[in-house]
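Below is entry17.cif, which holds mmCIF, C-alpha atoms.
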```
data_protein
#
loop_
_atom_site.group_PDB
_atom_site.id
_atom_site.type_symbol
_atom_site.label_atom_id
_atom_site.label_comp_id
_atom_site.auth_asym_id
_atom_site.auth_seq_id
_atom_site.Cartn_x
_atom_site.Cartn_y
_atom_site.Cartn_z
ATOM 1 C CA MET A 878 18.888 -9.483 132.620
ATOM 2 C CA ALA A 879 18.311 -9.163 128.946
ATOM 3 C CA LYS A 880 19.614 -6.282 126.941
ATOM 4 C CA PHE A 881 17.561 -4.703 124.135
ATOM 5 C CA SER A 882 19.419 -3.549 121.088
ATOM 6 C CA ARG A 883 18.270 -1.798 117.958
ATOM 7 C CA LYS A 884 18.983 -3.117 114.531
ATOM 8 C CA THR A 885 20.625 -0.457 112.431
ATOM 9 C CA LYS A 886 21.643 -2.628 109.547
ATOM 10 C CA GLY A 887 18.472 -2.209 107.415
ATOM 11 C CA GLY A 888 18.576 1.564 106.753
ATOM 12 C CA ILE A 889 15.807 3.425 104.981
ATOM 13 C CA PRO A 890 13.741 1.302 102.597
ATOM 14 C CA ALA A 891 13.700 2.278 98.910
ATOM 15 C CA ILE A 892 10.823 4.375 97.580
ATOM 16 C CA ASN A 893 8.333 2.463 95.497
ATOM 17 C CA THR A 894 8.182 4.126 92.061
ATOM 18 C CA ALA A 895 5.654 1.811 90.452
ATOM 19 C CA SER A 896 2.843 4.397 90.484
ATOM 20 C CA LEU A 897 5.073 7.322 89.506
ATOM 21 C CA SER A 898 4.373 6.899 85.784
ATOM 22 C CA ASP A 899 0.613 6.903 86.461
ATOM 23 C CA ILE A 900 0.902 10.183 88.327
ATOM 24 C CA VAL A 901 2.992 11.749 85.556
ATOM 25 C CA PHE A 902 0.470 10.750 82.887
ATOM 26 C CA MET A 903 -2.443 12.044 84.975
ATOM 27 C CA LEU A 904 -0.693 15.428 85.284
ATOM 28 C CA LEU A 905 0.092 15.426 81.571
ATOM 29 C CA PHE A 906 -3.545 14.786 80.627
ATOM 30 C CA PHE A 907 -4.732 17.395 83.110
ATOM 31 C CA PHE A 908 -2.530 20.120 81.605
ATOM 32 C CA MET A 909 -3.389 19.075 78.058
ATOM 33 C CA LEU A 910 -7.106 19.396 78.764
ATOM 34 C CA THR A 911 -6.974 22.648 80.705
ATOM 35 C CA ALA A 912 -4.475 24.539 78.549
ATOM 36 C CA GLN A 913 -5.962 26.976 76.082
ATOM 37 C CA VAL A 914 -4.666 26.748 72.564
ATOM 38 C CA ARG A 915 -4.365 30.050 70.772
ATOM 39 C CA LYS A 916 -6.939 30.194 67.991
ATOM 40 C CA PHE A 917 -5.064 32.510 65.666
ATOM 41 C CA GLU A 918 -1.694 34.146 65.257
ATOM 42 C CA THR A 919 -1.477 37.903 65.719
ATOM 43 C CA LYS A 920 0.061 39.403 62.595
ATOM 44 C CA VAL A 921 -0.117 43.009 63.743
ATOM 45 C CA THR A 922 1.883 44.795 66.406
ATOM 46 C CA ILE A 923 -0.394 45.747 69.275
ATOM 47 C CA ARG A 924 0.423 47.715 72.388
ATOM 48 C CA VAL A 925 -2.916 48.121 74.085
ATOM 49 C CA PRO A 926 -3.621 51.379 75.923
ATOM 50 C CA GLU A 927 -3.790 51.695 79.680
ATOM 51 C CA ALA A 928 -7.071 51.907 81.587
ATOM 52 C CA SER A 929 -7.901 52.425 85.237
ATOM 53 C CA GLU A 930 -11.177 50.463 85.233
ATOM 54 C CA VAL A 931 -10.488 47.051 83.695
ATOM 55 C CA VAL A 932 -13.052 44.236 83.701
ATOM 56 C CA LYS A 933 -12.277 40.669 82.692
ATOM 57 C CA LEU A 934 -14.247 39.104 79.884
ATOM 58 C CA GLU A 935 -16.634 36.542 81.370
ATOM 59 C CA ARG A 936 -16.978 34.035 78.537
ATOM 60 C CA LYS A 937 -14.045 34.016 76.162
ATOM 61 C CA ASP A 938 -15.625 31.269 74.075
ATOM 62 C CA LEU A 939 -18.274 33.757 72.895
ATOM 63 C CA ALA A 940 -15.732 36.413 71.907
ATOM 64 C CA SER A 941 -14.764 37.327 68.352
ATOM 65 C CA TYR A 942 -11.466 39.163 68.058
ATOM 66 C CA ILE A 943 -10.670 42.010 65.684
ATOM 67 C CA SER A 944 -7.063 43.224 65.817
ATOM 68 C CA ILE A 945 -6.068 46.611 64.430
ATOM 69 C CA GLY A 946 -2.463 47.689 64.197
ATOM 70 C CA VAL A 947 0.657 48.000 62.086
ATOM 71 C CA PRO A 948 1.666 44.688 60.450
ATOM 72 C CA THR A 949 4.705 42.928 61.886
ATOM 73 C CA LEU A 950 8.016 43.216 60.042
ATOM 74 C CA GLY A 951 7.414 40.048 58.023
ATOM 75 C CA TYR A 952 4.142 41.382 56.624
ATOM 76 C CA GLN A 953 5.139 45.029 56.097
ATOM 77 C CA THR A 954 6.561 44.252 52.657
ATOM 78 C CA LEU A 955 3.123 43.013 51.528
ATOM 79 C CA TYR A 956 0.780 45.355 53.389
ATOM 80 C CA GLY A 957 2.860 48.460 54.133
ATOM 81 C CA ASP A 958 3.196 50.204 57.470
ATOM 82 C CA ASP A 959 -0.327 51.644 57.710
ATOM 83 C CA ALA A 960 -2.824 50.240 60.208
ATOM 84 C CA GLN A 961 -4.467 47.021 59.024
ATOM 85 C CA VAL A 962 -7.512 45.093 60.261
ATOM 86 C CA GLN A 963 -6.889 41.447 61.113
ATOM 87 C CA LEU A 964 -9.852 39.084 61.374
ATOM 88 C CA ASN A 965 -8.729 35.705 62.726
ATOM 89 C CA ASP A 966 -5.666 34.737 60.657
ATOM 90 C CA SER A 967 -5.868 37.098 57.709
ATOM 91 C CA PHE A 968 -5.832 40.772 56.859
ATOM 92 C CA LYS A 969 -9.191 42.039 55.641
ATOM 93 C CA SER A 970 -10.816 45.333 54.814
ATOM 94 C CA VAL A 971 -13.508 47.013 56.874
ATOM 95 C CA ASP A 972 -16.129 45.788 54.388
ATOM 96 C CA ASP A 973 -15.322 42.152 55.258
ATOM 97 C CA ILE A 974 -16.352 42.597 58.888
ATOM 98 C CA ARG A 975 -20.007 41.932 58.094
ATOM 99 C CA ASP A 976 -19.176 38.489 56.633
ATOM 100 C CA PHE A 977 -16.865 37.783 59.569
ATOM 101 C CA ILE A 978 -19.578 38.543 62.148
ATOM 102 C CA ALA A 979 -22.145 36.497 60.201
ATOM 103 C CA ALA A 980 -19.776 33.504 60.134
ATOM 104 C CA GLU A 981 -19.086 33.868 63.871
ATOM 105 C CA ARG A 982 -22.827 33.948 64.590
ATOM 106 C CA GLU A 983 -23.405 30.810 62.528
ATOM 107 C CA ALA A 984 -20.676 29.028 64.471
ATOM 108 C CA ARG A 985 -22.471 29.664 67.782
ATOM 109 C CA SER A 986 -25.595 27.976 69.060
ATOM 110 C CA GLU A 987 -28.936 29.773 68.947
ATOM 111 C CA VAL A 988 -28.900 30.273 72.725
ATOM 112 C CA ASP A 989 -25.435 31.876 72.806
ATOM 113 C CA ARG A 990 -25.901 34.321 69.924
ATOM 114 C CA PRO A 991 -27.321 37.185 72.044
ATOM 115 C CA PHE A 992 -24.266 36.956 74.320
ATOM 116 C CA MET A 993 -21.668 37.187 71.551
ATOM 117 C CA THR A 994 -19.039 39.831 72.182
ATOM 118 C CA THR A 995 -16.676 41.523 69.755
ATOM 119 C CA VAL A 996 -13.286 42.319 71.279
ATOM 120 C CA LEU A 997 -11.296 45.097 69.649
ATOM 121 C CA LYS A 998 -7.558 44.756 70.203
ATOM 122 C CA VAL A 999 -6.322 48.109 68.968
ATOM 123 C CA ASP A 1000 -2.794 49.503 69.075
ATOM 124 C CA GLN A 1001 -2.616 52.714 71.070
ATOM 125 C CA ASN A 1002 -1.023 54.601 68.148
ATOM 126 C CA VAL A 1003 -3.676 53.716 65.531
ATOM 127 C CA ARG A 1004 -5.685 56.630 64.132
ATOM 128 C CA MET A 1005 -9.191 56.822 65.517
ATOM 129 C CA GLY A 1006 -10.691 57.004 62.018
ATOM 130 C CA VAL A 1007 -9.912 53.318 61.399
ATOM 131 C CA VAL A 1008 -11.491 52.347 64.727
ATOM 132 C CA THR A 1009 -14.564 54.470 63.954
ATOM 133 C CA ASP A 1010 -14.966 52.756 60.581
ATOM 134 C CA VAL A 1011 -14.805 49.342 62.258
ATOM 135 C CA LYS A 1012 -17.339 50.402 64.888
ATOM 136 C CA GLN A 1013 -19.721 51.729 62.230
ATOM 137 C CA GLU A 1014 -19.523 48.439 60.342
ATOM 138 C CA LEU A 1015 -20.182 46.507 63.568
ATOM 139 C CA ARG A 1016 -23.198 48.722 64.185
ATOM 140 C CA ARG A 1017 -24.534 47.961 60.675
ATOM 141 C CA CYS A 1018 -24.407 44.215 61.287
ATOM 142 C CA SER A 1019 -25.940 44.545 64.803
ATOM 143 C CA ALA A 1020 -22.858 43.484 66.749
ATOM 144 C CA LEU A 1021 -23.440 45.912 69.584
ATOM 145 C CA ARG A 1022 -21.556 44.226 72.448
ATOM 146 C CA ILE A 1023 -18.029 45.592 72.062
ATOM 147 C CA PHE A 1024 -15.116 45.251 74.469
ATOM 148 C CA TYR A 1025 -11.852 47.140 74.108
ATOM 149 C CA SER A 1026 -8.728 45.279 75.105
ATOM 150 C CA ALA A 1027 -6.648 47.270 77.609
ATOM 151 C CA ARG A 1028 -4.069 46.747 80.307
ATOM 152 C CA ARG A 1029 -4.368 47.931 83.866
ATOM 153 C CA THR A 1030 -2.590 51.200 84.653
ATOM 154 C CA GLY A 1031 0.935 50.588 85.894
ATOM 155 C CA GLN A 1032 1.538 47.189 84.276
#
```
Encoding of this model in structure tokens:
Amino acid sequence: MAKFSRKTKGGIPAINTASLSDIVFMLLFFFMLTAQVRKFETKVTIRVPEASEVVKLERKDLASYISIGVPTLGYQTLYGDDAQVQLNDSFKSVDDIRDFIAAEREARSEVDRPFMTTVLKVDQNVRMGVVTDVKQELRRCSALRIFYSARRTGQ
């Protein structure tokens, strides 16, 4: 009678790592393409107010951002500690909003212009007079779709 025996000398074969670099590069390209790069640096301190009914912005590519708040410590020596209006990467006055909206409209296609949205990121401690002035200027240049940035209550 013949006896059957198992060979235990071989062990577990080594893992083939030839395609590992391909997988790493595919993941790298995926994250590079899907990551959103911040368009501008926020130069004002903003703590957005709380809201109970918060809706996400549908198309962020059609949004123009206006930030209103106290300048950060690095900019307080130049601009003081009063509320300032930031349009993209620079501090502007309320009168410059009309040119800003016109430039944002020109940057969009003709089809997307009616869906443009202006997002106001306003610090919760800013006086309402500054916000009212900004809203009046937006009304004058027919930018009537306005969103207010807020955080959900309890976050």
Find the spatial neighbours of Asn965 (chain A), counting only C-alpha atoms, within a cut-off of 7 Å - ignore same-chain residues fewer than 2 positions away - and output them as a ChimeraX atom specification. /A:917,942,963,967
Go ahead and dump the residues you just picked, C-alpha atoms, as a short mmCIF file (atom, residue, chain, number, x, y, z; two decimals), in the coordinates of the input.
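again_4.cif was written with the following content:
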```
data_model
loop_
_atom_site.label_atom_id
_atom_site.label_comp_id
_atom_site.auth_asym_id
_atom_site.auth_seq_id
_atom_site.Cartn_x
_atom_site.Cartn_y
_atom_site.Cartn_z
CA PHE A 917 -5.06 32.51 65.67
CA TYR A 942 -11.47 39.16 68.06
CA GLN A 963 -6.89 41.45 61.11
CA SER A 967 -5.87 37.10 57.71
#
```
What does the distance between CA of Ala940 (chain A) and CA of Val999 (chain A) come to in Å, to one decimal place?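 Computed distance, CA of Ala940 (chain A) to CA of Val999 (chain A), equals 15.3 Å.
You can rank A:Ser898, A:Thr922, A:Thr949, A:Thr954 by their closest distance to Val1003 (chain A) using all atoms listed in the file, and at the top of that list sits A:Thr922.
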If we count all atoms listed in the file and set the cut-off at 10 Å, which residues sit around region 1012-1020 of chain A, ignoring sequence neighbours fewer than 2 positions away in its own chain? Please answer as a ChimeraX atom specification. /A:971-976,978-979,982,991,993-995,997,1006-1010,1022-1023
Measure the distance from CA of Lys969 (chain A) to CA of Val914 (chain A) in Å and round it to one decimal.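 Taking CA of Lys969 (chain A) as the start and CA of Val914 (chain A) as the end point, the length is 23.3 Å.
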Write out N, CA, C and O atoms for region 968-987 of chain A, as a CSV table (one decimal), in the frame of the given file.
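Output saved as selection-v8.csv:
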```
chain,number,residue,atom,x,y,z
A,968,PHE,N,-5.5,39.3,57.0
A,968,PHE,CA,-5.8,40.8,56.9
A,968,PHE,C,-7.0,41.0,56.0
A,968,PHE,O,-7.1,40.4,54.9
A,969,LYS,N,-8.0,41.8,56.4
A,969,LYS,CA,-9.2,42.0,55.6
A,969,LYS,C,-9.4,43.5,55.6
A,969,LYS,O,-8.8,44.3,56.4
A,970,SER,N,-10.4,43.9,54.8
A,970,SER,CA,-10.8,45.3,54.8
A,970,SER,C,-12.0,45.5,55.8
A,970,SER,O,-12.5,44.5,56.3
A,971,VAL,N,-12.4,46.7,56.0
A,971,VAL,CA,-13.5,47.0,56.9
A,971,VAL,C,-14.8,46.4,56.3
A,971,VAL,O,-15.7,46.0,57.1
A,972,ASP,N,-14.9,46.3,55.0
A,972,ASP,CA,-16.1,45.8,54.4
A,972,ASP,C,-16.3,44.3,54.7
A,972,ASP,O,-17.4,43.8,54.6
A,973,ASP,N,-15.2,43.6,55.0
A,973,ASP,CA,-15.3,42.2,55.3
A,973,ASP,C,-15.8,41.8,56.7
A,973,ASP,O,-16.0,40.7,57.0
A,974,ILE,N,-16.0,42.8,57.5
A,974,ILE,CA,-16.4,42.6,58.9
A,974,ILE,C,-17.8,42.0,59.0
A,974,ILE,O,-18.0,41.1,59.8
A,975,ARG,N,-18.6,42.4,58.1
A,975,ARG,CA,-20.0,41.9,58.1
A,975,ARG,C,-20.0,40.4,57.9
A,975,ARG,O,-20.7,39.7,58.6
A,976,ASP,N,-19.2,39.9,56.9
A,976,ASP,CA,-19.2,38.5,56.6
A,976,ASP,C,-18.5,37.7,57.8
A,976,ASP,O,-18.9,36.6,58.1
A,977,PHE,N,-17.5,38.4,58.4
A,977,PHE,CA,-16.9,37.8,59.6
A,977,PHE,C,-17.8,37.6,60.7
A,977,PHE,O,-17.9,36.5,61.3
A,978,ILE,N,-18.6,38.6,61.0
A,978,ILE,CA,-19.6,38.5,62.1
A,978,ILE,C,-20.7,37.5,61.8
A,978,ILE,O,-21.1,36.8,62.7
A,979,ALA,N,-21.1,37.5,60.6
A,979,ALA,CA,-22.1,36.5,60.2
A,979,ALA,C,-21.6,35.1,60.4
A,979,ALA,O,-22.3,34.2,60.9
A,980,ALA,N,-20.4,34.8,60.0
A,980,ALA,CA,-19.8,33.5,60.1
A,980,ALA,C,-19.6,33.1,61.6
A,980,ALA,O,-19.8,32.0,62.0
A,981,GLU,N,-19.2,34.1,62.4
A,981,GLU,CA,-19.1,33.9,63.9
A,981,GLU,C,-20.4,33.6,64.5
A,981,GLU,O,-20.5,32.7,65.4
A,982,ARG,N,-21.5,34.2,64.1
A,982,ARG,CA,-22.8,33.9,64.6
A,982,ARG,C,-23.3,32.6,64.2
A,982,ARG,O,-23.9,31.8,65.0
A,983,GLU,N,-23.0,32.2,63.0
A,983,GLU,CA,-23.4,30.8,62.5
A,983,GLU,C,-22.7,29.7,63.3
A,983,GLU,O,-23.2,28.6,63.4
A,984,ALA,N,-21.5,30.0,63.7
A,984,ALA,CA,-20.7,29.0,64.5
A,984,ALA,C,-21.2,28.8,65.9
A,984,ALA,O,-20.9,27.8,66.5
A,985,ARG,N,-22.0,29.8,66.4
A,985,ARG,CA,-22.5,29.7,67.8
A,985,ARG,C,-23.9,29.0,67.8
A,985,ARG,O,-24.6,29.0,66.8
A,986,SER,N,-24.2,28.5,68.9
A,986,SER,CA,-25.6,28.0,69.1
A,986,SER,C,-26.6,29.1,69.2
A,986,SER,O,-26.3,30.3,69.4
A,987,GLU,N,-27.9,28.8,68.9
A,987,GLU,CA,-28.9,29.8,68.9
A,987,GLU,C,-29.1,30.5,70.3
A,987,GLU,O,-29.4,31.6,70.4
```
